[in-house]
file data_21.cif (mmCIF, C-alpha atoms)
data_upload
loop_
_atom_site.label_atom_id
_atom_site.label_comp_id
_atom_site.auth_asym_id
_atom_site.auth_seq_id
_atom_site.Cartn_x
_atom_site.Cartn_y
_atom_site.Cartn_z
CA MET A 17 -144.53 73.19 162.68
CA THR A 18 -148.04 74.36 161.80
CA ASP A 19 -149.62 71.26 163.41
CA ILE A 20 -147.49 71.41 166.58
CA ALA A 21 -148.20 73.74 169.49
CA LEU A 22 -144.93 75.62 169.99
CA ALA A 23 -143.71 78.13 172.54
CA ILE A 24 -140.31 79.79 172.28
CA VAL A 25 -138.30 81.03 175.24
CA VAL A 26 -135.34 83.29 174.41
CA LEU A 27 -132.72 83.73 177.13
CA ALA A 28 -131.36 87.28 177.00
CA ALA A 29 -130.43 88.22 180.55
CA GLY A 30 -126.66 88.11 180.11
CA LYS A 31 -124.70 91.28 180.84
CA GLY A 32 -122.04 90.54 178.25
CA THR A 33 -119.13 91.41 180.50
CA ARG A 34 -116.58 90.38 177.89
CA MET A 35 -118.08 92.82 175.41
CA ARG A 36 -116.88 95.66 177.70
CA SER A 37 -119.93 97.69 176.82
CA ASP A 38 -122.74 99.60 178.49
CA LEU A 39 -125.06 98.07 175.89
CA PRO A 40 -126.78 94.75 176.75
CA LYS A 41 -125.05 91.99 174.85
CA VAL A 42 -128.06 91.00 172.75
CA MET A 43 -128.44 94.61 171.58
CA HIS A 44 -125.14 94.62 169.70
CA GLN A 45 -125.87 94.73 165.99
CA LEU A 46 -125.36 92.47 163.01
CA ALA A 47 -126.02 94.03 159.60
CA GLY A 48 -127.53 97.02 161.36
CA ARG A 49 -130.02 95.38 163.72
CA PRO A 50 -129.72 93.87 167.22
CA MET A 51 -128.74 90.23 167.49
CA ILE A 52 -131.94 89.40 169.32
CA THR A 53 -134.02 90.89 166.50
CA HIS A 54 -132.27 88.59 164.02
CA LEU A 55 -133.18 85.62 166.19
CA LEU A 56 -136.79 86.63 166.79
CA ASP A 57 -137.38 87.27 163.09
CA THR A 58 -136.13 83.78 162.32
CA ALA A 59 -138.17 82.24 165.13
CA ALA A 60 -141.31 83.90 163.75
CA GLU A 61 -141.03 81.62 160.70
CA LEU A 62 -142.11 78.74 162.97
CA SER A 63 -145.39 80.51 163.84
CA PRO A 64 -145.10 79.92 167.61
CA GLU A 65 -148.14 80.35 169.83
CA ARG A 66 -146.07 82.10 172.48
CA VAL A 67 -142.74 83.92 172.51
CA VAL A 68 -141.19 84.82 175.85
CA VAL A 69 -137.92 86.72 176.30
CA VAL A 70 -136.12 86.38 179.62
CA VAL A 71 -134.20 89.54 180.52
CA GLY A 72 -132.19 90.71 183.49
CA PRO A 73 -133.08 93.55 185.88
CA ASP A 74 -132.91 97.04 184.39
CA MET A 75 -132.91 95.79 180.80
CA ASP A 76 -135.74 98.00 179.59
CA MET A 77 -133.93 98.58 176.31
CA VAL A 78 -134.18 94.88 175.49
CA ALA A 79 -137.80 94.69 176.58
CA ASP A 80 -138.68 97.66 174.35
CA THR A 81 -136.85 96.12 171.40
CA VAL A 82 -138.59 92.73 171.61
CA ALA A 83 -142.09 94.19 172.17
CA PRO A 84 -144.82 93.13 171.73
CA HIS A 85 -143.37 89.80 172.86
CA ARG A 86 -143.72 89.18 176.57
CA THR A 87 -140.66 89.58 178.79
CA CYS A 88 -139.89 87.97 182.13
CA VAL A 89 -137.18 89.11 184.51
CA GLN A 90 -134.54 86.73 185.85
CA ALA A 91 -133.92 88.62 189.07
CA GLU A 92 -130.90 86.52 190.02
CA ARG A 93 -128.50 85.38 187.33
CA ASN A 94 -128.31 81.82 188.60
CA GLY A 95 -127.85 79.85 185.41
CA THR A 96 -129.77 78.74 182.36
CA GLY A 97 -132.12 76.59 184.41
CA GLY A 98 -132.95 79.61 186.56
CA ALA A 99 -133.57 81.66 183.42
CA VAL A 100 -136.16 79.22 182.07
CA LYS A 101 -137.75 79.03 185.53
CA ALA A 102 -138.28 82.80 185.26
CA ALA A 103 -140.62 82.12 182.33
CA ARG A 104 -142.87 79.83 184.37
CA ASP A 105 -145.85 82.20 184.56
CA ALA A 106 -145.64 83.02 180.86
CA LEU A 107 -145.79 79.30 180.04
CA ASP A 108 -148.62 78.54 182.44
CA GLY A 109 -151.10 76.11 180.91
CA PHE A 110 -148.93 75.38 177.87
CA ASP A 111 -148.17 71.69 177.30
CA GLY A 112 -146.90 71.74 173.72
CA THR A 113 -143.25 71.89 172.68
CA VAL A 114 -141.08 74.54 174.33
CA LEU A 115 -138.01 75.61 172.36
CA VAL A 116 -135.27 77.40 174.32
CA LEU A 117 -133.05 79.75 172.31
CA TYR A 118 -130.30 82.19 173.23
CA GLY A 119 -130.28 85.86 172.32
CA ASP A 120 -126.51 85.77 171.84
CA THR A 121 -126.72 82.85 169.39
CA PRO A 122 -128.52 84.74 166.63
CA LEU A 123 -127.70 82.76 163.50
CA VAL A 124 -129.67 79.57 164.07
CA THR A 125 -131.74 78.84 160.97
CA ALA A 126 -135.47 78.24 160.97
CA ASP A 127 -134.92 74.73 159.60
CA THR A 128 -132.62 73.83 162.49
CA MET A 129 -135.10 75.25 165.00
CA ARG A 130 -137.83 73.13 163.44
CA ARG A 131 -135.78 69.96 163.65
CA ALA A 132 -134.90 70.55 167.29
CA ALA A 133 -138.56 71.14 168.17
CA ALA A 134 -139.82 68.25 166.04
CA ALA A 135 -137.78 65.73 168.05
CA CYS A 136 -140.01 66.41 171.04
CA SER A 137 -143.17 65.94 169.01
CA GLU A 138 -141.75 62.55 167.98
CA GLY A 139 -141.50 61.22 171.52
CA ALA A 140 -138.50 62.82 173.23
CA ALA A 141 -139.01 64.59 176.53
CA VAL A 142 -135.90 66.66 175.79
CA SER A 143 -133.99 67.33 172.59
CA VAL A 144 -130.65 69.08 172.35
CA LEU A 145 -129.08 70.81 169.38
CA GLY A 146 -125.52 69.56 169.05
CA PHE A 147 -122.66 70.34 166.71
CA ARG A 148 -119.08 69.33 166.03
CA PRO A 149 -116.95 72.49 166.22
CA SER A 150 -113.37 72.69 165.05
CA HIS A 151 -112.30 73.86 168.52
CA PHE A 152 -114.47 72.21 171.13
CA HIS A 153 -112.70 72.43 174.48
CA GLN A 154 -114.96 75.15 175.94
CA TYR A 155 -118.26 73.42 175.17
CA GLY A 156 -120.31 70.94 177.15
CA ARG A 157 -120.21 67.40 175.74
CA LEU A 158 -123.19 65.35 174.59
CA ILE A 159 -122.91 61.78 175.84
CA THR A 160 -124.88 59.38 173.68
CA ASN A 161 -125.72 55.68 173.94
CA GLU A 162 -125.27 52.94 171.36
CA ASP A 163 -128.57 53.81 169.71
CA GLY A 164 -127.63 57.48 169.31
CA GLY A 165 -129.95 58.64 172.07
CA LEU A 166 -128.76 61.26 174.50
CA GLU A 167 -127.79 60.10 177.98
CA ALA A 168 -126.31 63.24 179.53
CA ILE A 169 -124.73 66.63 178.95
CA ILE A 170 -121.52 67.25 180.83
CA GLU A 171 -120.30 70.83 181.16
CA ALA A 172 -116.66 71.31 180.20
CA LYS A 173 -115.72 72.47 183.70
CA ASP A 174 -117.25 69.34 185.21
CA ALA A 175 -116.04 66.87 182.58
CA SER A 176 -113.55 64.05 183.05
CA PRO A 177 -110.59 63.71 180.65
CA GLU A 178 -112.49 60.92 178.87
CA ALA A 179 -115.60 63.07 178.40
CA LEU A 180 -113.50 65.91 177.05
CA GLU A 181 -112.45 63.65 174.16
CA VAL A 182 -116.04 63.64 172.87
CA ASN A 183 -116.40 66.06 169.94
CA LEU A 184 -120.21 66.23 169.86
CA CYS A 185 -120.89 69.46 171.72
CA ASN A 186 -123.84 71.26 173.23
CA SER A 187 -124.99 74.43 171.46
CA GLY A 188 -127.28 75.36 174.36
CA VAL A 189 -130.42 75.20 172.22
CA MET A 190 -132.89 72.73 173.71
CA ALA A 191 -136.51 71.73 173.23
CA PHE A 192 -138.85 70.18 175.77
CA ASP A 193 -142.14 68.38 175.92
CA GLY A 194 -144.06 71.01 177.86
CA ARG A 195 -145.79 68.36 179.95
CA HIS A 196 -142.46 67.52 181.60
CA LEU A 197 -140.58 70.83 181.57
CA MET A 198 -141.60 72.39 184.87
CA GLY A 199 -141.26 69.13 186.78
CA LEU A 200 -137.71 68.79 185.49
CA LEU A 201 -136.86 72.40 186.34
CA ASP A 202 -138.13 72.01 189.89
CA ARG A 203 -135.66 69.19 190.49
CA LEU A 204 -132.54 71.06 189.38
CA ASP A 205 -129.88 71.79 191.99
CA THR A 206 -126.70 73.86 192.08
CA ASN A 207 -124.28 71.05 192.90
CA ASN A 208 -121.78 71.87 190.16
CA ALA A 209 -118.64 73.89 189.43
CA LYS A 210 -120.55 77.15 188.89
CA ASN A 211 -123.14 76.74 191.68
CA GLU A 212 -125.85 77.43 189.12
CA TYR A 213 -128.99 75.74 187.86
CA TYR A 214 -127.87 73.99 184.69
CA LEU A 215 -130.65 73.55 182.15
CA THR A 216 -128.55 70.74 180.70
CA GLU A 217 -129.12 68.65 183.84
CA THR A 218 -132.72 68.11 182.68
CA VAL A 219 -131.39 65.46 180.30
CA THR A 220 -130.07 63.32 183.15
CA LEU A 221 -133.30 63.79 185.09
CA ALA A 222 -135.47 62.89 182.10
CA ARG A 223 -133.44 59.76 181.42
CA ALA A 224 -133.71 58.74 185.09
CA ASP A 225 -137.49 59.00 184.71
CA GLY A 226 -137.35 56.65 181.74
CA HIS A 227 -138.01 59.32 179.12
CA MET A 228 -136.19 59.57 175.80
CA ALA A 229 -133.71 62.36 175.09
CA ALA A 230 -132.63 63.13 171.54
CA VAL A 231 -129.78 64.88 169.74
CA VAL A 232 -130.28 66.97 166.60
CA GLU A 233 -127.12 68.17 164.87
CA GLY A 234 -126.58 71.61 163.35
CA GLU A 235 -123.75 73.42 161.60
CA GLU A 236 -121.02 75.28 163.46
CA ASP A 237 -121.55 78.60 161.63
CA GLU A 238 -125.18 78.90 162.67
CA LEU A 239 -124.46 78.00 166.29
CA LEU A 240 -121.86 80.67 166.92
CA GLY A 241 -122.32 82.25 170.32
CA VAL A 242 -121.39 85.93 170.55
CA ASN A 243 -119.58 86.61 173.82
CA SER A 244 -116.94 89.12 172.76
CA ARG A 245 -116.22 91.77 170.16
CA ALA A 246 -114.16 89.20 168.28
CA ASP A 247 -117.15 86.83 168.20
CA LEU A 248 -119.32 89.70 167.00
CA ALA A 249 -116.96 90.31 164.08
CA ILE A 250 -117.08 86.63 163.15
CA ALA A 251 -120.88 86.64 163.27
CA GLU A 252 -121.00 89.80 161.15
CA ALA A 253 -118.86 88.08 158.52
CA VAL A 254 -121.29 85.15 158.43
CA VAL A 255 -124.27 87.47 158.06
CA GLN A 256 -122.56 89.50 155.34
CA ASP A 257 -121.72 86.36 153.37
CA THR A 258 -125.38 85.36 153.54
CA LEU A 259 -126.53 88.79 152.35
CA ARG A 260 -123.98 88.82 149.51
CA ALA A 261 -125.08 85.38 148.35
CA ARG A 262 -128.73 86.50 148.46
CA ALA A 263 -127.96 89.60 146.39
CA MET A 264 -126.14 87.61 143.72
CA ALA A 265 -128.85 84.95 143.63
CA GLY A 266 -131.33 87.77 143.06
CA GLY A 267 -129.54 88.96 139.91
CA ALA A 268 -126.98 91.49 141.13
CA THR A 269 -123.30 91.38 140.21
CA LEU A 270 -120.84 91.98 143.02
CA VAL A 271 -117.46 92.46 141.38
CA ASP A 272 -115.58 91.71 144.61
CA PRO A 273 -118.19 90.35 147.04
CA GLY A 274 -115.99 90.35 150.12
CA THR A 275 -115.59 94.13 149.97
CA VAL A 276 -119.30 94.96 149.74
CA TRP A 277 -121.14 95.52 153.02
CA PHE A 278 -124.90 95.30 153.33
CA HIS A 279 -127.50 96.46 155.80
CA HIS A 280 -130.13 93.80 156.54
CA ASP A 281 -132.80 95.75 154.61
CA THR A 282 -130.80 96.59 151.45
CA GLN A 283 -132.83 96.03 148.28
CA LEU A 284 -131.05 95.47 144.97
CA GLY A 285 -132.82 95.00 141.65
CA ARG A 286 -131.82 92.82 138.70
CA ASP A 287 -128.69 93.53 136.69
CA VAL A 288 -127.31 95.88 139.33
CA VAL A 289 -123.52 96.03 139.30
CA VAL A 290 -121.76 96.82 142.57
CA GLN A 291 -118.06 97.52 142.29
CA PRO A 292 -115.58 96.97 145.15
CA ASN A 293 -115.65 98.72 148.52
CA VAL A 294 -119.27 99.83 148.54
CA VAL A 295 -121.16 100.20 151.85
CA PHE A 296 -124.94 100.11 152.14
CA GLY A 297 -126.43 101.67 155.25
CA PRO A 298 -130.09 101.40 156.29
CA GLY A 299 -133.00 102.09 153.99
CA VAL A 300 -131.44 101.71 150.53
CA ARG A 301 -133.45 100.64 147.49
CA VAL A 302 -131.66 100.21 144.18
CA ALA A 303 -133.72 99.54 141.05
CA ASP A 304 -132.76 97.49 137.99
CA GLY A 305 -129.68 98.13 135.90
CA VAL A 306 -127.95 100.52 138.31
CA ASN A 307 -124.16 100.76 138.39
CA ILE A 308 -122.71 101.56 141.81
CA ARG A 309 -119.06 102.28 141.40
CA ALA A 310 -116.23 101.73 143.85
CA PHE A 311 -115.87 103.35 147.27
CA SER A 312 -119.42 104.68 147.45
CA HIS A 313 -121.56 104.90 150.60
CA LEU A 314 -125.37 104.83 150.47
CA GLU A 315 -127.96 105.12 153.23
CA GLY A 316 -131.61 106.12 153.21
CA ALA A 317 -131.45 106.47 149.43
CA ASP A 318 -133.67 105.50 146.51
CA VAL A 319 -131.92 104.90 143.17
CA GLU A 320 -133.99 104.39 140.04
CA ASP A 321 -133.39 102.27 136.94
CA GLY A 322 -130.15 102.71 135.02
CA ALA A 323 -128.60 105.34 137.28
CA VAL A 324 -124.85 105.49 137.89
CA VAL A 325 -123.49 106.26 141.36
CA GLY A 326 -119.82 106.88 142.11
CA PRO A 327 -117.01 106.25 142.37
CA TYR A 328 -116.48 107.90 145.75
CA ALA A 329 -120.08 109.09 145.99
CA ARG A 330 -122.13 109.50 149.15
CA LEU A 331 -125.91 109.26 149.19
CA ARG A 332 -127.40 110.32 152.51
CA PRO A 333 -130.96 109.91 153.84
CA GLY A 334 -133.59 111.39 151.57
CA ALA A 335 -131.49 111.13 148.41
CA LYS A 336 -133.62 110.21 145.40
CA ILE A 337 -131.73 109.49 142.21
CA GLY A 338 -133.87 109.45 139.08
CA ALA A 339 -133.73 106.95 136.22
CA GLY A 340 -130.56 107.30 134.18
CA ALA A 341 -129.17 110.02 136.45
CA ARG A 342 -125.46 110.19 137.29
CA VAL A 343 -123.79 110.94 140.60
CA GLY A 344 -120.04 111.18 140.15
CA ASN A 345 -116.91 111.17 142.24
CA PHE A 346 -116.85 113.17 145.47
CA VAL A 347 -120.51 114.15 145.16
CA GLU A 348 -122.70 114.09 148.25
CA ILE A 349 -126.48 114.18 148.05
CA LYS A 350 -128.75 114.60 151.08
CA ASN A 351 -132.53 115.01 151.15
CA ALA A 352 -132.58 115.96 147.49
CA ASP A 353 -134.11 114.72 144.25
CA LEU A 354 -131.87 114.35 141.21
CA GLY A 355 -134.26 114.16 138.29
CA GLU A 356 -134.33 111.67 135.45
CA GLY A 357 -131.15 111.89 133.40
CA ALA A 358 -129.68 114.69 135.53
CA LYS A 359 -125.97 114.78 136.27
CA ALA A 360 -123.80 115.81 139.20
CA ASN A 361 -120.51 114.40 138.03
CA HIS A 362 -117.91 115.73 140.45
CA LEU A 363 -117.05 117.67 143.58
CA SER A 364 -120.50 118.91 144.57
CA TYR A 365 -122.85 118.91 147.56
CA VAL A 366 -126.55 118.81 146.72
CA GLY A 367 -128.70 119.13 149.82
CA ASP A 368 -132.38 119.98 150.36
CA ALA A 369 -132.93 120.55 146.68
CA HIS A 370 -134.92 119.43 143.67
CA VAL A 371 -132.86 119.10 140.51
CA GLY A 372 -134.96 118.78 137.38
CA ALA A 373 -134.70 116.16 134.65
CA GLY A 374 -131.71 116.50 132.39
CA ALA A 375 -130.04 119.20 134.50
CA ASN A 376 -126.27 119.36 134.88
CA ILE A 377 -124.70 120.31 138.24
CA GLY A 378 -121.22 121.66 137.63
CA ALA A 379 -118.12 121.08 139.71
CA GLY A 380 -117.90 122.84 143.07
CA THR A 381 -121.66 123.44 143.36
CA ILE A 382 -123.30 123.63 146.77
CA THR A 383 -127.01 123.72 147.52
CA CYS A 384 -128.04 123.66 151.15
CA ASN A 385 -130.55 124.87 153.69
CA TYR A 386 -128.81 126.38 156.70
CA ASP A 387 -130.87 127.04 159.81
#

call {"tool": "encode", "arguments": {"input": "data_21.cif", "output": "structure tokens"}}
result
Amino acid sequence: MTDIALAIVVLAAGKGTRMRSDLPKVMHQLAGRPMITHLLDTAAELSPERVVVVVGPDMDMVADTVAPHRTCVQAERNGTGGAVKAARDALDGFDGTVLVLYGDTPLVTADTMRRAAAACSEGAAVSVLGFRPSHFHQYGRLITNEDGGLEAIIEAKDASPEALEVNLCNSGVMAFDGRHLMGLLDRLDTNNAKNEYYLTETVTLARADGHMAAVVEGEEDELLGVNSRADLAIAEAVVQDTLRARAMAGGATLVDPGTVWFHHDTQLGRDVVVQPNVVFGPGVRVADGVNIRAFSHLEGADVEDGAVVGPYARLRPGAKIGAGARVGNFVEIKNADLGEGAKANHLSYVGDAHVGAGANIGAGTITCNYD
């Protein structure tokens, strides 16, 4: 994408009613960071010239999170077409490729984004990212011609029984030749089941103008839309599987991978062994050759080479475990240094302390700093 002018518009104005939450939908977290941050970090790999996030009224939390990217407000939630219209001023003067993403579809890979955008640079006025889900009744259908080009997108609520038999579905992700985008948006109407401006209708309009529309296919897992707590749990499982695979590819052993939970920023060195039921919170760095035993919880901790942690250990923010040190069962360490080769093997709380190299903390020991 380095030779293609690219702008990215992220639609993030949805309230997320089905989440039953006071938190904007795109702010719900996967591996410890908001969904929209996942998406923007991936989009950054395409080196876009502009990134615009469309938010709803009173969504300052989202605007603060996506800064310094520009935000535009969709004052009236009148459909996906209306959302992209809200970005008109931010796209003024831009005639490259415009890629439209969704803040609640956070798992799209950079490669898939590139392919969707590249279709426009190859002559399509509109390209649509499609997929073939195992359960497809809720999705809009992509209607193609004999040559595989896209003729129309039909929303499920507006589809005939024949159209509903089509299993090539619309993910929502679309790319546009920027020279045509605003003209297409200006011709949208609300003559549909939802009385909204459907962005998908731009395909029919582009085809009527004699322009080409293309389909690019992606995988179901990466096109998961998060609309409920159940969807969020499914997306979390996908993210965790990715993080586990990355850890093992980097030289760590996960004895029972499905029981190990990572934060997005967890760092594991080579020859680390992680036993079952270990949870990594934010800000954990584990050096080479560390053994993290079962049922341990780590966050904000730094663990040096060859240390042993657990089982049933808790490392809280500010814990620094020296090389070859041992933290045993039912030991909690917070804002404390455990020196090289030191031991706290069982039933102790070490807080706000410096424990020298080779020291031994006996059972039932407490160090703390009460205010």

call {"tool": "resolve_selection", "arguments": {"input": "data_21.cif", "expression": "the PyMOL selection byres ((chain A and resi 119) around 10)", "output": "number ranges by chain"}}
result
A: 25-30, 41-43, 50-56, 69-71, 117-118, 120-123, 241-242

call {"tool": "atom_distance", "arguments": {"input": "data_21.cif", "atom1": "CA of Asp76 in chain A", "atom2": "CA of Thr113 in chain A"}}
result
28.0 Å

call {"tool": "resolve_selection", "arguments": {"input": "data_21.cif", "expression": "the PyMOL selection byres ((chain A and resi 217) around 12)", "output": "VMD selection string"}}
result
chain A and resid 95 to 98 142 144 156 158 166 to 171 174 188 190 197 200 to 208 212 to 216 218 to 224 229

call {"tool": "atom_distance", "arguments": {"input": "data_21.cif", "atom1": "CA of Gly164 in chain A", "atom2": "CA of Thr125 in chain A"}}
result
23.3 Å

call {"tool": "resolve_selection", "arguments": {"input": "data_21.cif", "expression": "the PyMOL selection byres ((chain A and resi 378) around 12)", "output": "ChimeraX atom specification"}}
result
/A:343-344,347,358-366,375-377,379-383

call {"tool": "closest_residue", "arguments": {"input": "data_21.cif", "among": "A:Glu238, A:Ala133, A:Ala59, A:Ala102", "to": "Phe147 in chain A", "atoms": "all atoms listed in the file"}}
result
A:Glu238

call {"tool": "atom_distance", "arguments": {"input": "data_21.cif", "atom1": "CA of Ser143 in chain A", "atom2": "CA of Lys210 in chain A"}}
result
23.3 Å

call {"tool": "closest_atom_pairs", "arguments": {"input": "data_21.cif", "of": "range 26-60 of chain A", "to": "range 284-305 of chain A", "cutoff": "12 Å", "atoms": "only C-alpha atoms", "output": "Markdown table"}}
result
| residue | atom | partner | partner_atom | distance |
| --- | --- | --- | --- | --- |
| A:Ala47 | CA | A:Gly297 | CA | 8.8 |
| A:Gly48 | CA | A:Pro298 | CA | 7.2 |
| A:Arg49 | CA | A:Pro298 | CA | 9.6 |

call {"tool": "closest_residue", "arguments": {"input": "data_21.cif", "among": "A:Cys384, A:Asn307, A:Ala172, A:Ala106", "to": "Ala268 in chain A", "atoms": "all atoms listed in the file"}}
result
A:Asn307
